Structure formats: C-alpha cells, structure tokens
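**Student:** Have a look at this one before I ask anything.
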Amino acid sequence: MKRIAIIGAGIGGLALASALRDVALVTVFEKGRGVGGRMATRREGEHSFDHGAQCFTVRTTAFQAWLKPLTAAGLVDEWSGPVVNLEAGRLIGPRHWRERHLVGVPGMNAIARHLAAGHAVRTEVEVAPLGPSAGAMELVSTGGEPLGEYDLVVSTTTPHQTRALFAGVLAMPGLDRPRMKPCHALMVALDAPWRQDWIAAKVLDGPIKWISIDSTKPGRDRARASIVAHTRSSWSRHHAETPTALLGDVLFDALGRAMPAPLSSANVVKAHRWRSALVGKTERPGPFLDHSLGIAATGDWTASSRIEEVVLSALELARRIAATG
Ligand SMILES: Cc1cc2nc3c(=O)[nH]c(=O)nc-3n(C[C@H](O)[C@H](O)[C@H](O)COP(=O)(O)OP(=O)(O)OC[C@H]3O[C@@H](n4cnc5c(N)ncnc54)[C@H](O)[C@@H]3O)c2cc1C
C-alpha cells in the first residue's frame with residue numbers, strides 16, 4: 001500500500017485521512033496539541049469555547065451524505081434560534097438565517113476527534129520543509145526527528161505554510177495570491193445563564209463583528225453563559241503584534257458596548273489570535289496533486305473558508321489519489 005503523510009489534523013486533513021483509509025497507509029502530523037485546527041474547541045477551567053469556526057451549512061448532497069454517520073452518532077446537530085443585528089449598543093432587528101446551521105456536539109472539535117480515532121495521528125510534531133528527493137519523500141520534524149519515508153506528502157495547511165513546506169521541491173504557482181485574513185476570538189464565561197432571547201448577533205460597528213452565545217448550542221452546559229466574539233479582520237490586522245494577553249480586557253469592553261443589556265460578571269475573559277483565520281479572494285484552484293514529485297495539497301485556499309468546501313476539496317483529492325493507484 002502507498003505510504004501517505006498528511007500534514008495538518010484540521011477537518012481537511014482528517015477528512016482526507018478517513019477517505020484514504022482503505023487505499024493507503026496514512027500518518028497525520030499535527031503541530032498543535034490537539035486535532036481540529038480552526039474547527040476548534042478550547043477548555044478554560046470548567047468552560048469550553050468554540051473559538052474558531054462557529055457552525056456550518058450544507059449545500060450539497062455529497063456533504064450531506066458525508067455528515068450522515070456523524071449525525072447518526074450524535075456528533076452533529078442543528079443550532080437554531082433568533083439571530084439579531086446590533087448597532088451602537090442597540091438591538092436593531094432580526095437577522096434571517098435562511099439555511100440550517102449545524103455544529104459539532106459537544107464541541108466543534110468533536111467531529112475531528114471522531115475522525116482522528118483509528119488513524120495514526122501524531123500531535124505536537126511540526127513537519128519541516130521538504131528537501132528535493134529522487135524517490136520516496138523523507139520527512140523530518142522541525143526538531144530534527146526523522147518521521148519516516150512516504151510515497152506522497154499532502155499539505156492541508158494555509159497557502160503560505162504549504163508554499164514554505166514544498167519550496168525545496170516545487171515553487172507552487174499561485175500560492176502567494178490567496179491572502180489570509182486574521183481574526184481575534186474573545187472568550188467570556190459568565191457566572192449566570194444566558195437570559196436574552198437571541199443566540200447570535202452580527203455587530204455592525206466597532207471592533208467586534210460577530211457574537212455567538214456558545215452555551216445555546218446543542219449539547220453545551222447552559223447553566224452558565226459562554227460567549228465567543230470574533231473581531232473584524234481590519235481591527236485584527238492593526239493588532240497583529242499586540243500580545244493577546246493585553247487584548248482580553250480591550251475586547252471585553254468592546255463586547256460590553258456592543259451589547260443591548262449589561263453582562264453579568266465574568267469568570268473567564270480570554271483572547272486568542274488567529275493569524276490566518278479565513279481565506280480572502282481565491283481563484284478556487286481545487287486540490288493540487290503531482291504524483292511524480294510525490295506532493296499534494298488541499299485546504300480552504302483551494303475553494304473557500306466554508307467547512308463544507310474544505311471537506312469536499314479533501315474528498316476530491318482522495319478520489320484523485322485513489323484513482324491514480
Ligand atoms: C475565527 C474563525 C471563524 C470561522 N468561522 C467559520 C464558520 O462559521 N463556518 C465555516 O464553515 N468555516 C468557518 N471558519 C473557517 C474554517 O474553520 C476553516 O476553513 C477550516 O476549519 C479549515 O480547515 P483545514 O483543515 O483546511 O485547515 P486548519 O483547520 O487550519 O488545519 C491545518 C492544520 O495544519 C497544522 N499545521 C500547519 N503547519 C504544520 C506543520 N508544518 N506541521 C504539522 N502541522 C501543521 C495546523 O496546526 C492546523 O491544525 C472559521 C475560521 C476561523 C479561524
């Protein structure tokens with residue numbers, strides 16, 4: 001069987017690993033402590049927060065079919081309720097969700113954790129840029145640990161990370177074009193349940209652009225409200241180098257100003273920086289595969305920063321890998 005290394009245990013890397021289960025010997029390398037990548041859930045004491053992707057929608061029958069076993073296993077459910085627009089600290093009207101919005105249960109990373117089970121996934125291993133090779137690709141970690149030989153190495157990282165990983169093998173055209181937008185996530189846990197009658201809000205002014213009441217998602221602890229707020233990328237660009245420890249209180253004040261009613265006191269106030277949160281304009285090139293060089297790539301830059309499209313791009317790459325034997 002072909003030996004395949006997948007770099008990145010986000011939803012794209014794990015969807016690919018699962019799809020290749022019967023056609024290759026797959027090892028997934030992830031530099032972070034856990035799996036999920038940007039489809040993340042983070043614990044802070046007794047509270048957990050989906051501080052990356054908030055939810056996802058389904059537009060294709062292929063993705064619907066892919067989700068079916070996950071839904072049957074209770075790992076995916078609908079998040080529904082009133083969504084509103086906020087401006088100048090006022091609720092200025094409803095915001096209509098025309099599609100069903102789904103979430104991982106009990107956290108967004110539940111799907112990645114489920115997909116990772118049964119695969120060889122090595123966390124806390126950062127793969128170093130590849131060198132030129134005449135035969136099988138030898139992988140090494142940035143710490144110098146040999147990671148084995150592979151017939152195919154797949155990057156599921158951001159465009160600039162993919163470009164750096166493969167620079168010694170191929171100058172991949174076009175990878176300098178998709179610009180990733182940054183975002184900060186503010187995580188707040190209150191000492192009381194959520195009592196307002198909305199579950200999420202678009203904020204039309206100020207640094208915060210989106211508020212999710214995480215504790216209103218299915219399978220979460222409703223006894224104490226947990227809130228995730230995401231910033232506008234223009235604001236995050238200005239604060240790219242500001243230590244995140246300094247930004248928690250700044251964003252908590254901004255959240256207070258955006259809210260139509262005062263917040264009860266907070267047990268947790270933490271900020272997290274996503275340097276590369278969402279892909280900007282992309283030409284949607286689709287997944288990349290070069291069998292002769294032994295490299296391939298997929299990720300949101302190949303399609304869009306929608307979880308559905310990330311999964312479909314990974315499935316398309318798996319189909320092409322399987323088809324070429
Ligand atoms: C704040 C935020 C909000 C979002 N909201 C939504 C939303 O509501 N709905 C939606 O559909 N999408 C949303 N998205 C986008 C969605 O989360 C992403 O498009 C999707 O999760 C990308 O998955 P991926 O597997 O391609 O990449 P990632 O999740 O980024 O996974 C790549 C992984 O590769 C690892 N890695 C990188 N370099 C190396 C290396 N050298 N060695 C080993 N590992 C490496 C990284 O640590 C990472 O875990 C949001 C994203 C963010 C950040």
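If you're wondering about the labels, chains in the structure tokens are A, B, ... by order shown, residues count from 1 in each chain, ligands from 1 in order shown.
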Go through chain A residue by residue and, counting only C-alpha atoms and all ligand atoms, keep those with an atom at most 7 Å from ligand 1; for each kept residue give the shortest atom pair and its distance in Å to one decimal, ordered by chain and increasing number, as JSON lines.
**Tutor:**
{"residue": "A:Ile7", "atom": "CA", "partner": "ligand 1", "partner_atom_place_in_ligand_line": "43 (C)", "distance": 5.0}
{"residue": "A:Gly8", "atom": "CA", "partner": "ligand 1", "partner_atom_place_in_ligand_line": "34 (O)", "distance": 3.1}
{"residue": "A:Ala9", "atom": "CA", "partner": "ligand 1", "partner_atom_place_in_ligand_line": "33 (C)", "distance": 5.1}
{"residue": "A:Gly10", "atom": "CA", "partner": "ligand 1", "partner_atom_place_in_ligand_line": "25 (O)", "distance": 3.5}
{"residue": "A:Ile11", "atom": "CA", "partner": "ligand 1", "partner_atom_place_in_ligand_line": "25 (O)", "distance": 4.1}
{"residue": "A:Gly12", "atom": "CA", "partner": "ligand 1", "partner_atom_place_in_ligand_line": "25 (O)", "distance": 3.5}
{"residue": "A:Gly13", "atom": "CA", "partner": "ligand 1", "partner_atom_place_in_ligand_line": "25 (O)", "distance": 5.3}
{"residue": "A:Phe29", "atom": "CA", "partner": "ligand 1", "partner_atom_place_in_ligand_line": "43 (C)", "distance": 5.0}
{"residue": "A:Glu30", "atom": "CA", "partner": "ligand 1", "partner_atom_place_in_ligand_line": "44 (N)", "distance": 3.7}
{"residue": "A:Lys31", "atom": "CA", "partner": "ligand 1", "partner_atom_place_in_ligand_line": "44 (N)", "distance": 4.0}
{"residue": "A:Gly32", "atom": "CA", "partner": "ligand 1", "partner_atom_place_in_ligand_line": "47 (O)", "distance": 4.9}
{"residue": "A:Val35", "atom": "CA", "partner": "ligand 1", "partner_atom_place_in_ligand_line": "49 (O)", "distance": 6.4}
{"residue": "A:Gly36", "atom": "CA", "partner": "ligand 1", "partner_atom_place_in_ligand_line": "29 (O)", "distance": 5.9}
{"residue": "A:Gly37", "atom": "CA", "partner": "ligand 1", "partner_atom_place_in_ligand_line": "49 (O)", "distance": 3.3}
{"residue": "A:Arg38", "atom": "CA", "partner": "ligand 1", "partner_atom_place_in_ligand_line": "29 (O)", "distance": 3.8}
{"residue": "A:Met39", "atom": "CA", "partner": "ligand 1", "partner_atom_place_in_ligand_line": "21 (O)", "distance": 4.5}
{"residue": "A:His51", "atom": "CA", "partner": "ligand 1", "partner_atom_place_in_ligand_line": "1 (C)", "distance": 6.4}
{"residue": "A:Gly52", "atom": "CA", "partner": "ligand 1", "partner_atom_place_in_ligand_line": "1 (C)", "distance": 4.0}
{"residue": "A:Ala53", "atom": "CA", "partner": "ligand 1", "partner_atom_place_in_ligand_line": "5 (N)", "distance": 3.3}
{"residue": "A:Gln54", "atom": "CA", "partner": "ligand 1", "partner_atom_place_in_ligand_line": "8 (O)", "distance": 4.1}
{"residue": "A:Cys55", "atom": "CA", "partner": "ligand 1", "partner_atom_place_in_ligand_line": "8 (O)", "distance": 4.5}
{"residue": "A:Phe56", "atom": "CA", "partner": "ligand 1", "partner_atom_place_in_ligand_line": "11 (O)", "distance": 4.4}
{"residue": "A:Thr57", "atom": "CA", "partner": "ligand 1", "partner_atom_place_in_ligand_line": "11 (O)", "distance": 6.8}
{"residue": "A:Val125", "atom": "CA", "partner": "ligand 1", "partner_atom_place_in_ligand_line": "43 (C)", "distance": 5.8}
{"residue": "A:Glu126", "atom": "CA", "partner": "ligand 1", "partner_atom_place_in_ligand_line": "42 (N)", "distance": 3.6}
{"residue": "A:Val127", "atom": "CA", "partner": "ligand 1", "partner_atom_place_in_ligand_line": "42 (N)", "distance": 4.0}
{"residue": "A:Ala128", "atom": "CA", "partner": "ligand 1", "partner_atom_place_in_ligand_line": "41 (N)", "distance": 5.9}
{"residue": "A:Thr156", "atom": "CA", "partner": "ligand 1", "partner_atom_place_in_ligand_line": "32 (C)", "distance": 5.5}
{"residue": "A:Thr157", "atom": "CA", "partner": "ligand 1", "partner_atom_place_in_ligand_line": "32 (C)", "distance": 4.4}
{"residue": "A:Thr158", "atom": "CA", "partner": "ligand 1", "partner_atom_place_in_ligand_line": "30 (O)", "distance": 6.4}
{"residue": "A:Gln161", "atom": "CA", "partner": "ligand 1", "partner_atom_place_in_ligand_line": "38 (N)", "distance": 6.0}
{"residue": "A:Leu165", "atom": "CA", "partner": "ligand 1", "partner_atom_place_in_ligand_line": "41 (N)", "distance": 6.9}
{"residue": "A:Cys183", "atom": "CA", "partner": "ligand 1", "partner_atom_place_in_ligand_line": "1 (C)", "distance": 5.8}
{"residue": "A:His184", "atom": "CA", "partner": "ligand 1", "partner_atom_place_in_ligand_line": "1 (C)", "distance": 6.9}
{"residue": "A:Ala185", "atom": "CA", "partner": "ligand 1", "partner_atom_place_in_ligand_line": "1 (C)", "distance": 6.4}
{"residue": "A:His230", "atom": "CA", "partner": "ligand 1", "partner_atom_place_in_ligand_line": "1 (C)", "distance": 6.3}
{"residue": "A:Trp274", "atom": "CA", "partner": "ligand 1", "partner_atom_place_in_ligand_line": "53 (C)", "distance": 5.7}
{"residue": "A:Ser276", "atom": "CA", "partner": "ligand 1", "partner_atom_place_in_ligand_line": "53 (C)", "distance": 6.8}
{"residue": "A:Ala277", "atom": "CA", "partner": "ligand 1", "partner_atom_place_in_ligand_line": "53 (C)", "distance": 3.6}
{"residue": "A:Leu278", "atom": "CA", "partner": "ligand 1", "partner_atom_place_in_ligand_line": "51 (C)", "distance": 5.5}
{"residue": "A:Thr298", "atom": "CA", "partner": "ligand 1", "partner_atom_place_in_ligand_line": "26 (O)", "distance": 6.9}
{"residue": "A:Gly299", "atom": "CA", "partner": "ligand 1", "partner_atom_place_in_ligand_line": "26 (O)", "distance": 3.7}
{"residue": "A:Asp300", "atom": "CA", "partner": "ligand 1", "partner_atom_place_in_ligand_line": "26 (O)", "distance": 4.9}
{"residue": "A:Ser304", "atom": "CA", "partner": "ligand 1", "partner_atom_place_in_ligand_line": "19 (O)", "distance": 6.9}
{"residue": "A:Ser305", "atom": "CA", "partner": "ligand 1", "partner_atom_place_in_ligand_line": "19 (O)", "distance": 3.7}
{"residue": "A:Arg306", "atom": "CA", "partner": "ligand 1", "partner_atom_place_in_ligand_line": "11 (O)", "distance": 3.4}
{"residue": "A:Ile307", "atom": "CA", "partner": "ligand 1", "partner_atom_place_in_ligand_line": "11 (O)", "distance": 3.7}
{"residue": "A:Glu308", "atom": "CA", "partner": "ligand 1", "partner_atom_place_in_ligand_line": "11 (O)", "distance": 6.3}
{"residue": "A:Val310", "atom": "CA", "partner": "ligand 1", "partner_atom_place_in_ligand_line": "26 (O)", "distance": 5.6}
**Student:** With C-alpha atoms retained, could you export that selection as a PDB file, in the first residue's frame?
**Tutor:**
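Result file selection24.pdb:
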ATOM      1  CA  ILE A   7       0.435  17.498   7.307  1.00  0.00           C
ATOM      2  CA  GLY A   8      -2.305  19.044   9.482  1.00  0.00           C
ATOM      3  CA  ALA A   9      -5.082  17.462  11.539  1.00  0.00           C
ATOM      4  CA  GLY A  10      -7.747  20.055  10.813  1.00  0.00           C
ATOM      5  CA  ILE A  11     -11.060  18.996   9.287  1.00  0.00           C
ATOM      6  CA  GLY A  12      -9.459  18.875   5.807  1.00  0.00           C
ATOM      7  CA  GLY A  13      -6.560  16.611   6.816  1.00  0.00           C
ATOM      8  CA  PHE A  29       1.176  15.046  11.621  1.00  0.00           C
ATOM      9  CA  GLU A  30      -0.169  17.982  13.606  1.00  0.00           C
ATOM     10  CA  LYS A  31       1.945  20.668  15.206  1.00  0.00           C
ATOM     11  CA  GLY A  32      -0.738  21.654  17.720  1.00  0.00           C
ATOM     12  CA  VAL A  35      -6.784  17.901  16.484  1.00  0.00           C
ATOM     13  CA  GLY A  36      -9.359  20.133  14.777  1.00  0.00           C
ATOM     14  CA  GLY A  37      -7.230  23.049  13.589  1.00  0.00           C
ATOM     15  CA  ARG A  38      -9.504  26.045  13.075  1.00  0.00           C
ATOM     16  CA  MET A  39     -12.587  23.918  13.803  1.00  0.00           C
ATOM     17  CA  HIS A  51     -13.194  29.851  19.456  1.00  0.00           C
ATOM     18  CA  GLY A  52     -12.669  29.102  15.728  1.00  0.00           C
ATOM     19  CA  ALA A  53     -15.434  28.107  13.308  1.00  0.00           C
ATOM     20  CA  GLN A  54     -18.850  28.663  14.875  1.00  0.00           C
ATOM     21  CA  CYS A  55     -21.108  26.481  12.779  1.00  0.00           C
ATOM     22  CA  PHE A  56     -21.513  25.284   9.203  1.00  0.00           C
ATOM     23  CA  THR A  57     -24.108  24.935   6.498  1.00  0.00           C
ATOM     24  CA  VAL A 125       5.004  17.359  15.641  1.00  0.00           C
ATOM     25  CA  GLU A 126       5.781  20.222  13.263  1.00  0.00           C
ATOM     26  CA  VAL A 127       6.920  18.947   9.889  1.00  0.00           C
ATOM     27  CA  ALA A 128       9.960  20.772   8.483  1.00  0.00           C
ATOM     28  CA  THR A 156      -3.503  20.684   4.391  1.00  0.00           C
ATOM     29  CA  THR A 157      -2.064  23.879   5.842  1.00  0.00           C
ATOM     30  CA  THR A 158      -2.530  27.516   4.813  1.00  0.00           C
ATOM     31  CA  GLN A 161       2.688  27.314   5.016  1.00  0.00           C
ATOM     32  CA  LEU A 165       6.806  23.256   3.103  1.00  0.00           C
ATOM     33  CA  CYS A 183      -9.241  37.413  13.432  1.00  0.00           C
ATOM     34  CA  HIS A 184      -9.230  37.567  17.222  1.00  0.00           C
ATOM     35  CA  ALA A 185     -11.621  35.499  19.316  1.00  0.00           C
ATOM     36  CA  HIS A 230     -14.965  37.485  16.702  1.00  0.00           C
ATOM     37  CA  TRP A 274      -5.970  33.539  14.577  1.00  0.00           C
ATOM     38  CA  SER A 276      -4.771  33.108   9.305  1.00  0.00           C
ATOM     39  CA  ALA A 277      -8.474  32.749  10.017  1.00  0.00           C
ATOM     40  CA  LEU A 278     -10.252  32.946   6.672  1.00  0.00           C
ATOM     41  CA  THR A 298      -5.705  20.852  -0.150  1.00  0.00           C
ATOM     42  CA  GLY A 299      -7.241  23.397   2.235  1.00  0.00           C
ATOM     43  CA  ASP A 300      -9.641  26.304   2.278  1.00  0.00           C
ATOM     44  CA  SER A 304     -13.372  28.789   0.255  1.00  0.00           C
ATOM     45  CA  SER A 305     -13.320  29.049   4.047  1.00  0.00           C
ATOM     46  CA  ARG A 306     -16.549  27.080   4.397  1.00  0.00           C
ATOM     47  CA  ILE A 307     -16.174  23.790   6.215  1.00  0.00           C
ATOM     48  CA  GLU A 308     -18.309  22.078   3.586  1.00  0.00           C
ATOM     49  CA  VAL A 310     -12.854  22.198   2.806  1.00  0.00           C
TER      50      VAL A 310
END
**Student:** Do a neighbour search on segment 245-251 of chain A at 8 Å with only C-alpha atoms, toss out local chain neighbours closer than 2 positions, and write the hits as a compact mmCIF listing (two decimals) with C-alpha atoms, in the first residue's frame.
**Tutor:**
# COMPACT_ATOMS: atom_id res chain seq x y z
CA LEU A 186 -12.77 36.75 22.71
CA PRO A 207 -14.06 46.00 16.57
CA ILE A 208 -16.39 43.03 17.08
CA THR A 242 -0.15 43.17 20.18
CA PRO A 243 0.24 40.48 22.88
CA ASP A 253 -15.07 46.45 26.95
CA ALA A 254 -15.95 46.42 23.22
CA LEU A 255 -18.31 43.50 23.82
CA VAL A 269 -12.09 36.65 29.80
CA LYS A 270 -9.51 35.44 27.30
CA ALA A 271 -8.44 36.46 23.82
**Student:** My list of candidates is A:Val105, A:Leu91, A:Val154, A:Val203. Which is closest to Glu78 of chain A when distances are computed with only C-alpha atoms?
**Tutor:**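 Among the listed residues, the smallest separation from Glu78 of chain A belongs to A:Val105.
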**Student:** Just the strand (DSSP E) stuff from segment 102-177 of chain A, please, per backbone DSSP, written as a VMD selection string.
**Tutor:** chain A and resid 102 to 104 120 to 122 137 to 140 146 to 150 152 to 155
**Student:** Based on the backbone DSSP call, show me all residues of segment 5-116 of chain A assigned alpha helix (DSSP H), as a list in words.
**Tutor:** Ile11, Gly12, Gly13, Leu14, Ala15, Leu16, Ala17, Ser18, Ala19, Thr61, Ala62, Phe63, Gln64, Ala65, Trp66, Leu67, Lys68, Pro69, Leu70, Thr71, Ala72, Ala110, Ile111, Ala112, Arg113, His114, Leu115 and Ala116 of chain A
**Student:** As an exercise, work out the distance from atom CA of Asn85 of chain A to atom CA of His272 of chain A in Å and give it to one decimal place.
**Tutor:** 23.9 Å
**Student:** Return the single residue from A:Lys209, A:Met187, A:Ala240, A:Gly286 that is closest to Arg43 of chain A, with distances computed using only C-alpha atoms.
**Tutor:** A:Met187
**Student:** I'd like the neighbourhood of Val268 of chain A as a list in words, where a residue qualifies if any of its atoms comes within 10 Å (using only C-alpha atoms), though same-chain residues fewer than 4 positions away should be ignored.
**Tutor:**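 So the residues in contact are Glu44, Gly45, Glu46, His47, Leu186, Met187, Val188, Ala189, Leu190, Asp191, Ser226, Ile227 and Gly248 of chain A.
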**Student:** Grab the residues selected above and save them as a JSON list (two decimals), in the first residue's frame with C-alpha atoms.
**Tutor:**
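Output (result-v5.json):
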[["chain", "number", "residue", "atom", "x", "y", "z"],
["A", 44, "GLU", "CA", -10.69, 27.23, 30.11],
["A", 45, "GLY", "CA", -11.25, 25.75, 33.56],
["A", 46, "GLU", "CA", -14.79, 24.34, 33.62],
["A", 47, "HIS", "CA", -15.81, 26.19, 30.47],
["A", 186, "LEU", "CA", -12.77, 36.75, 22.71],
["A", 187, "MET", "CA", -13.93, 34.01, 25.09],
["A", 188, "VAL", "CA", -16.14, 35.04, 28.00],
["A", 189, "ALA", "CA", -17.81, 32.84, 30.62],
["A", 190, "LEU", "CA", -20.43, 34.49, 32.82],
["A", 191, "ASP", "CA", -21.49, 33.32, 36.27],
["A", 226, "SER", "CA", -20.32, 31.18, 27.49],
["A", 227, "ILE", "CA", -19.79, 33.71, 24.72],
["A", 248, "GLY", "CA", -8.83, 40.37, 26.51]]
**Student:** So which one's closest to Thr27 of chain A, A:Gly148, A:Pro173, A:Gly107, A:Gly280? Using only C-alpha atoms, please.
**Tutor:**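 That would be A:Gly148, the residue with the smallest distance to Thr27 of chain A.
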**Student:** So which residues touch Arg98 of chain A within 12 Å, counting only C-alpha atoms, skipping near sequence neighbours fewer than 2 positions away, as a list in words?
**Tutor:**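 Residues near the query, excluding close chain neighbours: Thr57, Val58, Arg59, Ser80, Pro82, Val83, Arg95, His96, Arg100 and His101 of chain A.
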**Student:** Under the rule that only C-alpha atoms are counted, which of A:Pro193, A:Gly81, A:Pro218, A:Gly135 is the nearest residue to Gly294 of chain A?
**Tutor:**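 Selected residue with least distance to Gly294 of chain A: A:Gly135.
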**Student:** Quick check, in Å to one decimal: how far apart do atom CA of Glu124 of chain A and atom CA of Ser141 of chain A lie?
**Tutor:**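 So the answer is 9.9 Å.
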**Student:** Which residue, A:Ile295, A:Leu86, A:Val103, A:Ala65, has the smallest gap to Met172 of chain A when you use only C-alpha atoms?
**Tutor:**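 For Met172 of chain A, the nearest of the given residues is A:Ile295.
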**Student:** I'd like to know which of A:Met137, A:Ser236, A:Arg195, A:Leu130 is closest to Ala164 of chain A, using only C-alpha atoms.
**Tutor:**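 Looking only at the distances to Ala164 of chain A, the closest residue turns out to be A:Leu130.
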**Student:** Using Å and a single decimal, report how far atom CA of Ala296 of chain A sits from atom CA of Leu175 of chain A.
**Tutor:**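 Rounded to one decimal, the two atoms are 13.0 Å apart.
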**Student:** Could you list, as a list of chain:residue names, every residue within 8 Å of segment 316-318 of chain A, counting only C-alpha atoms and ignoring same-chain residues fewer than 3 positions away?
**Tutor:**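 The contact residues come out as A:Leu16, A:Ala19, A:Leu20, A:Pro287, A:Phe288, A:Leu289, A:Thr298, A:Leu312, A:Ser313, A:Ile321, A:Ala322.
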**Student:** Could the residues in this selection be written to a file with N, CA and C atoms, as a PDB file, in the first residue's frame?
**Tutor:**
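And here is the file that came out, part.pdb:
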ATOM      1  N   LEU A  16      -9.556  13.800   4.709  1.00  0.00           N
ATOM      2  CA  LEU A  16      -8.727  13.122   3.710  1.00  0.00           C
ATOM      3  C   LEU A  16      -8.232  11.780   4.255  1.00  0.00           C
ATOM      4  N   ALA A  19     -10.974   9.234   4.214  1.00  0.00           N
ATOM      5  CA  ALA A  19     -11.344   8.797   2.858  1.00  0.00           C
ATOM      6  C   ALA A  19     -10.285   7.871   2.255  1.00  0.00           C
ATOM      7  N   LEU A  20      -9.039   7.959   2.758  1.00  0.00           N
ATOM      8  CA  LEU A  20      -7.959   7.125   2.201  1.00  0.00           C
ATOM      9  C   LEU A  20      -7.736   5.852   3.015  1.00  0.00           C
ATOM     10  N   PRO A 287      -7.946  21.086  -5.330  1.00  0.00           N
ATOM     11  CA  PRO A 287      -6.777  20.449  -4.714  1.00  0.00           C
ATOM     12  C   PRO A 287      -5.662  20.234  -5.731  1.00  0.00           C
ATOM     13  N   PHE A 288      -4.429  20.184  -5.209  1.00  0.00           N
ATOM     14  CA  PHE A 288      -3.238  20.032  -6.056  1.00  0.00           C
ATOM     15  C   PHE A 288      -2.668  18.635  -5.853  1.00  0.00           C
ATOM     16  N   LEU A 289      -2.257  17.965  -6.964  1.00  0.00           N
ATOM     17  CA  LEU A 289      -1.657  16.635  -6.855  1.00  0.00           C
ATOM     18  C   LEU A 289      -0.608  16.477  -7.943  1.00  0.00           C
ATOM     19  N   THR A 298      -4.297  20.426  -0.170  1.00  0.00           N
ATOM     20  CA  THR A 298      -5.705  20.852  -0.150  1.00  0.00           C
ATOM     21  C   THR A 298      -5.867  21.810   1.028  1.00  0.00           C
ATOM     22  N   LEU A 312     -15.158  18.875   0.978  1.00  0.00           N
ATOM     23  CA  LEU A 312     -15.341  18.400  -0.406  1.00  0.00           C
ATOM     24  C   LEU A 312     -14.027  18.444  -1.188  1.00  0.00           C
ATOM     25  N   SER A 313     -13.194  19.437  -0.920  1.00  0.00           N
ATOM     26  CA  SER A 313     -11.898  19.517  -1.594  1.00  0.00           C
ATOM     27  C   SER A 313     -11.016  18.336  -1.164  1.00  0.00           C
ATOM     28  N   ILE A 321      -6.323  10.641  -5.734  1.00  0.00           N
ATOM     29  CA  ILE A 321      -5.205   9.802  -5.266  1.00  0.00           C
ATOM     30  C   ILE A 321      -5.560   8.329  -5.485  1.00  0.00           C
ATOM     31  N   ALA A 322      -6.781   7.964  -5.106  1.00  0.00           N
ATOM     32  CA  ALA A 322      -7.209   6.561  -5.235  1.00  0.00           C
ATOM     33  C   ALA A 322      -7.256   6.152  -6.712  1.00  0.00           C
TER      34      ALA A 322
END
